[in-house]
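Below is one structure, written out as structure tokens; the observations come after it.
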Amino acid sequence: MTAEWKLNCPAPDFGTIADGVFNMGPVLMDDQMHTTEQDAKMQIVSGVNRQDFERYVQTVLAAGGSKTFENNNQLDSFWGFTLNGTSFQASFRSVKRELRVCEDPLVTPMDAFNYSVQGSRQTVLYQYGLYFDPDNRCTDKTMNCGMMYIVRLSDNGLFLIDSGHLYQWNQQAFDALWSFLHEITDTPENEKLRIAGWYFTHAHNDHTDGCGCLLNRYHDKITVERIFHGFCSYQVHPNGYELESQDTKRLLLKYFPDAMQLRVHTGQRIRLADVEIEVLYAHEDAVSADAPEELPLRDFNSTSSIIRVHIGKKSVIFLGDATAETERVVSGLSVPELWKADAVQVGHHCINYLELLYSWIGAPMALMPNSYYGCHTEQNLRNLSCVLKHLKNDQIYYEGSGTYGFADVDGQLQPIAEVPLTGGPYDGYFD
Ligand SMILES: [Fe+2]
């Protein structure tokens, strides 16, 4: 039986509407105590074919909807629109024969979020070096996880991915980061650092703390233009949600209330200057039409979004802290050909065994958000082996060894810069 349509866009007149609305939570509002007016919602319609989907697009246009993006691949179609001032995305997922519609209140429409310029600088992706516990332990001063990636865009803006754990930012490490960001963008000390976009894979503090540190110390010396992530709703999945991530969101909203906000959904293509970011997976992909209000993910790391970043003609997939659960969802929706990349960020600091994802991606280069030591422990060696299998010329770079910069040089993704690691055990600098 078809259920009631509850989103503020036209109801589909085909297929079977699943009974229930999935809550994807807000972008920056605090949903620790209750749901918010920014919470994104999704409804699922089953038994849908491509003609139904195309007809739905026409229905939305006839109702006054305005297209914000479109992305089609061999399997699926993704179509963004605004209607009465609210952003939506309609996705046709052919393997499951489903239409999924997401409503995103109080976010920037995709066509306004994106900006496209071709600046004069070479675009460089840096895997930023972080300090890891030398014994692969978590102590009250050290960590065995955390990651941060920095893209210096061709217009000299910064695109940041995650930001490391608090314990990776002692004074020396933090001062080095501050200098590094100025140096790669040629920003004089008396000018504000321009962060064109800051993306977070998921709500764990080894990915969000560093942002809070930067805002606490230097919010008046930076600008943050865009913030995006696919965090799940705290109200839907509190188990494993680290509340420090809510603190980081609170600071972003406090200091940059006018920054553009976007919730990532699979199929989006985000453009920052000359760099394109494709969203390959978001946590709501795991939701089933049988139980549309539930997030059937046991491990919070499975809520990590996955993106593919195009730098020049080369691409890098960022798996965040993807898990075997993520693999199961992805393999039930997609095909290997849609997952190729020239480099892969190893998922979950090499703690997880992701044989399927690495073989789908088939990347000849690996970016490892962990130390050499941490990946060569007895329990992680097996995970590492399925990364190494695909590499050419042993191209693996460890975040715990230092900062490495990569660019598309003559059609090859190549290391072009290396900076020794700065930092050590946490010294209470941000307490
Ligand atoms: Fe992590």
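Letters for chains follow the order of the structure tokens (A, B, ...), residue numbers begin at 1 for each chain, and ligand numbers begin at 1 in the order shown.
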Check: Which residues sit within 9 Å of ligand 1, counting only C-alpha atoms and all ligand atoms, listed as a ChimeraX atom specification?
Finding: /A:145-147,164-165,202,204-207,301,320-321,347-349,369
Restricted to C-alpha atoms, what would the selected residues look like written as a PDB file, in the first residue's frame?
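selection_26.pdb, written as the output of this step:
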```pdb
ATOM      1  CA  CYS A 145      43.759   7.930  14.249  1.00  0.00           C
ATOM      2  CA  GLY A 146      42.850  11.335  12.729  1.00  0.00           C
ATOM      3  CA  MET A 147      43.117  12.811   9.236  1.00  0.00           C
ATOM      4  CA  GLY A 164      42.579  15.776  12.825  1.00  0.00           C
ATOM      5  CA  HIS A 165      42.109  15.046  16.529  1.00  0.00           C
ATOM      6  CA  HIS A 202      31.565  12.188   9.595  1.00  0.00           C
ATOM      7  CA  HIS A 204      33.958  11.848  14.891  1.00  0.00           C
ATOM      8  CA  ASN A 205      36.388  14.111  16.671  1.00  0.00           C
ATOM      9  CA  ASP A 206      39.522  12.751  15.023  1.00  0.00           C
ATOM     10  CA  HIS A 207      38.022  14.406  11.911  1.00  0.00           C
ATOM     11  CA  ASN A 301      31.966   4.986  11.015  1.00  0.00           C
ATOM     12  CA  GLY A 320      36.612   8.646   5.345  1.00  0.00           C
ATOM     13  CA  ASP A 321      36.180   5.876   7.884  1.00  0.00           C
ATOM     14  CA  GLY A 347      39.433   3.877   4.877  1.00  0.00           C
ATOM     15  CA  HIS A 348      39.296   4.170   8.648  1.00  0.00           C
ATOM     16  CA  HIS A 349      43.038   4.564   9.183  1.00  0.00           C
ATOM     17  CA  PRO A 369      45.743   8.536   7.293  1.00  0.00           C
TER      18      PRO A 369
END
```
Next item on the list: With a distance cut-off of 10 Å and only C-alpha atoms, select the neighbouring residues of Arg121 in chain A, excluding the residue or stretch itself and same-chain residues fewer than 4 positions from it, and output the selection as a PyMOL selection string.
Entry: chain A and resi 152-156+185
At most 7 Å is the cut-off: for each residue in range 345-384 of chain A with any atom that close to an atom of range 396-401 of chain A, write down the nearest atom pair and the distance in Å rounded to one decimal, counting only C-alpha atoms, chain first then increasing number, as JSON lines.
```
{"residue": "A:Met365", "atom": "CA", "partner": "A:Ile396", "partner_atom": "CA", "distance": 5.9}
{"residue": "A:Ala366", "atom": "CA", "partner": "A:Ile396", "partner_atom": "CA", "distance": 4.7}
{"residue": "A:Leu367", "atom": "CA", "partner": "A:Tyr397", "partner_atom": "CA", "distance": 5.1}
{"residue": "A:Met368", "atom": "CA", "partner": "A:Tyr398", "partner_atom": "CA", "distance": 4.8}
{"residue": "A:Pro369", "atom": "CA", "partner": "A:Glu399", "partner_atom": "CA", "distance": 5.1}
{"residue": "A:Asn370", "atom": "CA", "partner": "A:Glu399", "partner_atom": "CA", "distance": 5.5}
{"residue": "A:Ser371", "atom": "CA", "partner": "A:Gly400", "partner_atom": "CA", "distance": 4.0}
{"residue": "A:Tyr372", "atom": "CA", "partner": "A:Tyr398", "partner_atom": "CA", "distance": 6.0}
```
Next item on the list: Please provide as a list of chain:residue names all residues within 6 Å of Ala407 in chain A, with the sequence filter that same-chain residues fewer than 4 positions apart are discarded (counting only C-alpha atoms).
Entry: A:Val124, A:Leu413, A:Gln414
DSSP on the backbone, then: every residue of range 144-389 of chain A marked alpha helix (DSSP H), written as a CSV table (one decimal) with N, CA and C atoms, in the first residue's frame.
```
chain,number,residue,atom,x,y,z
A,171,GLN,N,51.1,22.9,20.5
A,171,GLN,CA,51.4,24.2,20.0
A,171,GLN,C,52.3,24.2,18.8
A,172,GLN,N,53.3,23.4,18.8
A,172,GLN,CA,54.2,23.3,17.7
A,172,GLN,C,53.5,22.9,16.4
A,173,ALA,N,52.7,21.8,16.5
A,173,ALA,CA,52.0,21.3,15.3
A,173,ALA,C,51.0,22.4,14.8
A,174,PHE,N,50.3,23.0,15.7
A,174,PHE,CA,49.3,24.0,15.3
A,174,PHE,C,50.0,25.2,14.6
A,175,ASP,N,51.1,25.7,15.2
A,175,ASP,CA,51.8,26.9,14.6
A,175,ASP,C,52.3,26.5,13.2
A,176,ALA,N,52.7,25.2,13.1
A,176,ALA,CA,53.2,24.8,11.8
A,176,ALA,C,52.1,24.8,10.8
A,177,LEU,N,50.9,24.3,11.2
A,177,LEU,CA,49.8,24.3,10.2
A,177,LEU,C,49.4,25.7,9.8
A,178,TRP,N,49.4,26.6,10.8
A,178,TRP,CA,49.0,28.0,10.5
A,178,TRP,C,50.0,28.6,9.5
A,179,SER,N,51.3,28.4,9.7
A,179,SER,CA,52.3,28.9,8.7
A,179,SER,C,52.1,28.2,7.4
A,180,PHE,N,51.9,26.9,7.4
A,180,PHE,CA,51.7,26.2,6.1
A,180,PHE,C,50.6,26.7,5.3
A,181,LEU,N,49.4,27.0,5.9
A,181,LEU,CA,48.3,27.5,5.2
A,181,LEU,C,48.6,28.8,4.6
A,182,HIS,N,49.3,29.7,5.3
A,182,HIS,CA,49.7,31.0,4.7
A,182,HIS,C,50.7,30.8,3.6
A,183,GLU,N,51.6,29.9,3.8
A,183,GLU,CA,52.7,29.7,2.8
A,183,GLU,C,52.1,29.2,1.5
A,184,ILE,N,51.3,28.2,1.5
A,184,ILE,CA,50.8,27.6,0.2
A,184,ILE,C,49.9,28.5,-0.5
A,185,THR,N,49.3,29.5,0.2
A,185,THR,CA,48.3,30.4,-0.5
A,185,THR,C,49.0,31.8,-0.6
A,205,ASN,N,35.5,13.0,16.4
A,205,ASN,CA,36.4,14.1,16.7
A,205,ASN,C,37.8,14.0,16.1
A,206,ASP,N,38.2,12.8,15.7
A,206,ASP,CA,39.5,12.8,15.0
A,206,ASP,C,39.4,13.3,13.6
A,207,HIS,N,38.2,13.8,13.2
A,207,HIS,CA,38.0,14.4,11.9
A,207,HIS,C,37.6,15.9,12.1
A,208,THR,N,37.1,16.2,13.2
A,208,THR,CA,36.5,17.6,13.4
A,208,THR,C,37.2,18.5,14.4
A,209,ASP,N,38.0,17.9,15.3
A,209,ASP,CA,38.6,18.7,16.4
A,209,ASP,C,39.4,19.9,15.9
A,210,GLY,N,40.3,19.6,14.9
A,210,GLY,CA,41.2,20.6,14.4
A,210,GLY,C,40.5,21.9,13.9
A,211,CYS,N,39.3,21.7,13.3
A,211,CYS,CA,38.5,22.8,12.9
A,211,CYS,C,38.2,23.7,14.1
A,212,GLY,N,37.7,23.1,15.2
A,212,GLY,CA,37.4,23.8,16.4
A,212,GLY,C,38.6,24.6,16.9
A,213,CYS,N,39.8,23.9,16.9
A,213,CYS,CA,41.1,24.6,17.3
A,213,CYS,C,41.3,25.8,16.5
A,214,LEU,N,41.2,25.7,15.2
A,214,LEU,CA,41.5,26.8,14.3
A,214,LEU,C,40.5,28.0,14.5
A,215,LEU,N,39.2,27.6,14.8
A,215,LEU,CA,38.2,28.7,15.0
A,215,LEU,C,38.4,29.3,16.4
A,216,ASN,N,38.7,28.5,17.4
A,216,ASN,CA,39.0,29.1,18.7
A,216,ASN,C,40.1,30.1,18.7
A,217,ARG,N,41.2,29.7,18.0
A,217,ARG,CA,42.4,30.6,18.0
A,217,ARG,C,42.3,31.7,17.0
A,218,TYR,N,41.8,31.5,15.8
A,218,TYR,CA,42.0,32.4,14.7
A,218,TYR,C,40.8,32.8,13.9
A,243,LEU,N,30.3,14.0,20.6
A,243,LEU,CA,29.7,15.3,20.8
A,243,LEU,C,30.6,16.5,20.6
A,244,GLU,N,31.9,16.2,20.5
A,244,GLU,CA,32.9,17.2,20.2
A,244,GLU,C,32.6,17.7,18.8
A,245,SER,N,32.0,16.9,17.9
A,245,SER,CA,31.7,17.3,16.6
A,245,SER,C,30.6,18.4,16.6
A,246,GLN,N,29.6,18.2,17.6
A,246,GLN,CA,28.6,19.2,17.7
A,246,GLN,C,29.2,20.6,18.2
A,247,ASP,N,30.3,20.5,19.0
A,247,ASP,CA,31.0,21.7,19.4
A,247,ASP,C,31.6,22.4,18.2
A,248,THR,N,32.2,21.6,17.3
A,248,THR,CA,32.8,22.2,16.1
A,248,THR,C,31.7,22.9,15.3
A,249,LYS,N,30.6,22.2,15.1
A,249,LYS,CA,29.5,22.8,14.4
A,249,LYS,C,29.0,24.1,15.0
A,250,ARG,N,28.9,24.1,16.3
A,250,ARG,CA,28.5,25.3,17.1
A,250,ARG,C,29.4,26.5,16.8
A,251,LEU,N,30.7,26.2,16.8
A,251,LEU,CA,31.7,27.2,16.5
A,251,LEU,C,31.6,27.8,15.1
A,252,LEU,N,31.4,26.8,14.2
A,252,LEU,CA,31.3,27.3,12.8
A,252,LEU,C,30.1,28.2,12.6
A,253,LEU,N,29.0,27.8,13.3
A,253,LEU,CA,27.8,28.6,13.2
A,253,LEU,C,27.9,30.0,13.9
A,254,LYS,N,28.7,30.0,15.0
A,254,LYS,CA,28.9,31.2,15.8
A,254,LYS,C,29.7,32.2,15.0
A,255,TYR,N,30.8,31.7,14.4
A,255,TYR,CA,31.8,32.6,13.8
A,255,TYR,C,31.5,32.8,12.3
A,324,ALA,N,33.0,-2.3,6.5
A,324,ALA,CA,32.4,-3.4,5.7
A,324,ALA,C,30.9,-3.2,5.5
A,325,GLU,N,30.2,-2.5,6.4
A,325,GLU,CA,28.8,-2.1,6.2
A,325,GLU,C,28.7,-1.2,5.0
A,326,THR,N,29.6,-0.2,4.9
A,326,THR,CA,29.5,0.7,3.8
A,326,THR,C,29.7,-0.1,2.5
A,327,GLU,N,30.6,-1.1,2.5
A,327,GLU,CA,30.8,-1.9,1.3
A,327,GLU,C,29.5,-2.6,0.9
A,328,ARG,N,28.8,-3.1,1.9
A,328,ARG,CA,27.6,-3.9,1.6
A,328,ARG,C,26.6,-3.0,0.9
A,329,VAL,N,26.4,-1.8,1.4
A,329,VAL,CA,25.4,-0.8,0.9
A,329,VAL,C,25.8,-0.5,-0.5
A,330,VAL,N,27.1,-0.1,-0.7
A,330,VAL,CA,27.6,0.4,-2.0
A,330,VAL,C,27.4,-0.7,-3.1
A,331,SER,N,27.8,-2.0,-2.7
A,331,SER,CA,27.8,-3.0,-3.7
A,331,SER,C,26.4,-3.4,-4.0
A,355,GLU,N,38.2,-5.1,1.2
A,355,GLU,CA,38.7,-5.7,0.0
A,355,GLU,C,37.9,-5.3,-1.3
A,356,LEU,N,36.6,-5.2,-1.1
A,356,LEU,CA,35.8,-4.9,-2.3
A,356,LEU,C,36.0,-3.5,-2.7
A,357,LEU,N,36.0,-2.6,-1.8
A,357,LEU,CA,36.1,-1.2,-2.2
A,357,LEU,C,37.5,-0.9,-2.9
A,358,TYR,N,38.6,-1.5,-2.3
A,358,TYR,CA,39.9,-1.2,-3.0
A,358,TYR,C,39.9,-1.9,-4.4
A,359,SER,N,39.3,-3.0,-4.5
A,359,SER,CA,39.3,-3.7,-5.8
A,359,SER,C,38.4,-2.9,-6.8
A,360,TRP,N,37.3,-2.4,-6.4
A,360,TRP,CA,36.5,-1.5,-7.2
A,360,TRP,C,37.2,-0.3,-7.7
A,361,ILE,N,37.9,0.3,-6.7
A,361,ILE,CA,38.6,1.6,-7.0
A,361,ILE,C,39.8,1.4,-7.8
A,372,TYR,N,53.1,4.7,9.6
A,372,TYR,CA,53.7,3.4,9.0
A,372,TYR,C,53.5,2.4,10.1
A,373,TYR,N,53.9,2.7,11.3
A,373,TYR,CA,53.8,1.8,12.4
A,373,TYR,C,52.4,1.3,12.7
A,374,GLY,N,51.4,2.2,12.7
A,374,GLY,CA,50.0,1.9,13.0
A,374,GLY,C,49.4,0.9,11.9
A,375,CYS,N,49.9,1.0,10.7
A,375,CYS,CA,49.4,0.1,9.7
A,375,CYS,C,50.1,-1.2,9.6
A,381,LEU,N,47.7,-5.5,9.4
A,381,LEU,CA,48.5,-5.9,8.2
A,381,LEU,C,47.6,-6.5,7.2
A,382,ARG,N,46.6,-7.3,7.6
A,382,ARG,CA,45.7,-7.9,6.6
A,382,ARG,C,44.9,-6.8,5.9
A,383,ASN,N,44.5,-5.8,6.6
A,383,ASN,CA,43.8,-4.7,5.9
A,383,ASN,C,44.7,-4.0,4.9
A,384,LEU,N,45.9,-3.8,5.3
A,384,LEU,CA,46.9,-3.1,4.5
A,384,LEU,C,47.2,-3.9,3.2
A,385,SER,N,47.2,-5.3,3.3
A,385,SER,CA,47.5,-6.1,2.2
A,385,SER,C,46.5,-5.9,1.0
A,386,CYS,N,45.2,-5.6,1.3
A,386,CYS,CA,44.3,-5.4,0.2
A,386,CYS,C,44.4,-4.0,-0.4
A,387,VAL,N,45.1,-3.1,0.2
A,387,VAL,CA,45.4,-1.8,-0.4
A,387,VAL,C,46.6,-2.0,-1.3
A,388,LEU,N,47.7,-2.7,-0.7
A,388,LEU,CA,48.9,-2.8,-1.4
A,388,LEU,C,48.8,-3.5,-2.8
```
Do you know which residues are at most 8 Å from Ala90 in chain A counting only C-alpha atoms, after dropping those on the same chain fewer than 3 positions away, and could you put them as a PDB file with C-alpha atoms, in the first residue's frame?
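Once written, part.pdb looks like this:
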```pdb
ATOM      1  CA  PHE A  78      20.342  12.625  -9.870  1.00  0.00           C
ATOM      2  CA  TRP A  79      18.438  15.868 -10.230  1.00  0.00           C
ATOM      3  CA  GLY A  80      18.556  18.839  -7.857  1.00  0.00           C
ATOM      4  CA  LEU A  99      13.034   7.145  -6.454  1.00  0.00           C
ATOM      5  CA  ARG A 100      14.499   8.855  -3.413  1.00  0.00           C
ATOM      6  CA  VAL A 101      13.607  12.459  -2.739  1.00  0.00           C
ATOM      7  CA  CYS A 102      15.530  14.520  -0.186  1.00  0.00           C
TER       8      CYS A 102
END
```
Check: Within 8 Å of Pro105 in chain A, counting only C-alpha atoms, which residues qualify if same-chain residues fewer than 3 places away don't, as JSON, numbers by chain?
Finding: {"A": [37, 38, 39, 40, 86, 87]}
Note to self: Taking 6 positions as the minimum chain separation for residues in the same chain, which residues sit within 7 Å of His390 in chain A when counting only C-alpha atoms? Answer as number ranges by chain.
What the structure shows: A: 362-364
Next item on the list: Find the residue from A:Leu272, A:Leu295, A:Ala259, A:Ile227 that sits nearest to Asn23 in chain A; use only C-alpha atoms when measuring.
Entry: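 Among the listed residues, A:Leu295 lies closest to Asn23 in chain A.
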Note to self: Which residue is closest to Phe132 in chain A? Choose from A:Leu166, A:Val27, A:Met1, A:Ala203 and count only C-alpha atoms.
What the structure shows: A:Leu166
Notebook entry, point to check: Looking at only C-alpha atoms, which of A:Glu418, A:Asp394, A:Asp427, A:Glu191 is the one that sits closest to Gly129 in chain A?
Noted result: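 Result for the nearest residue to Gly129 in chain A: A:Glu418.
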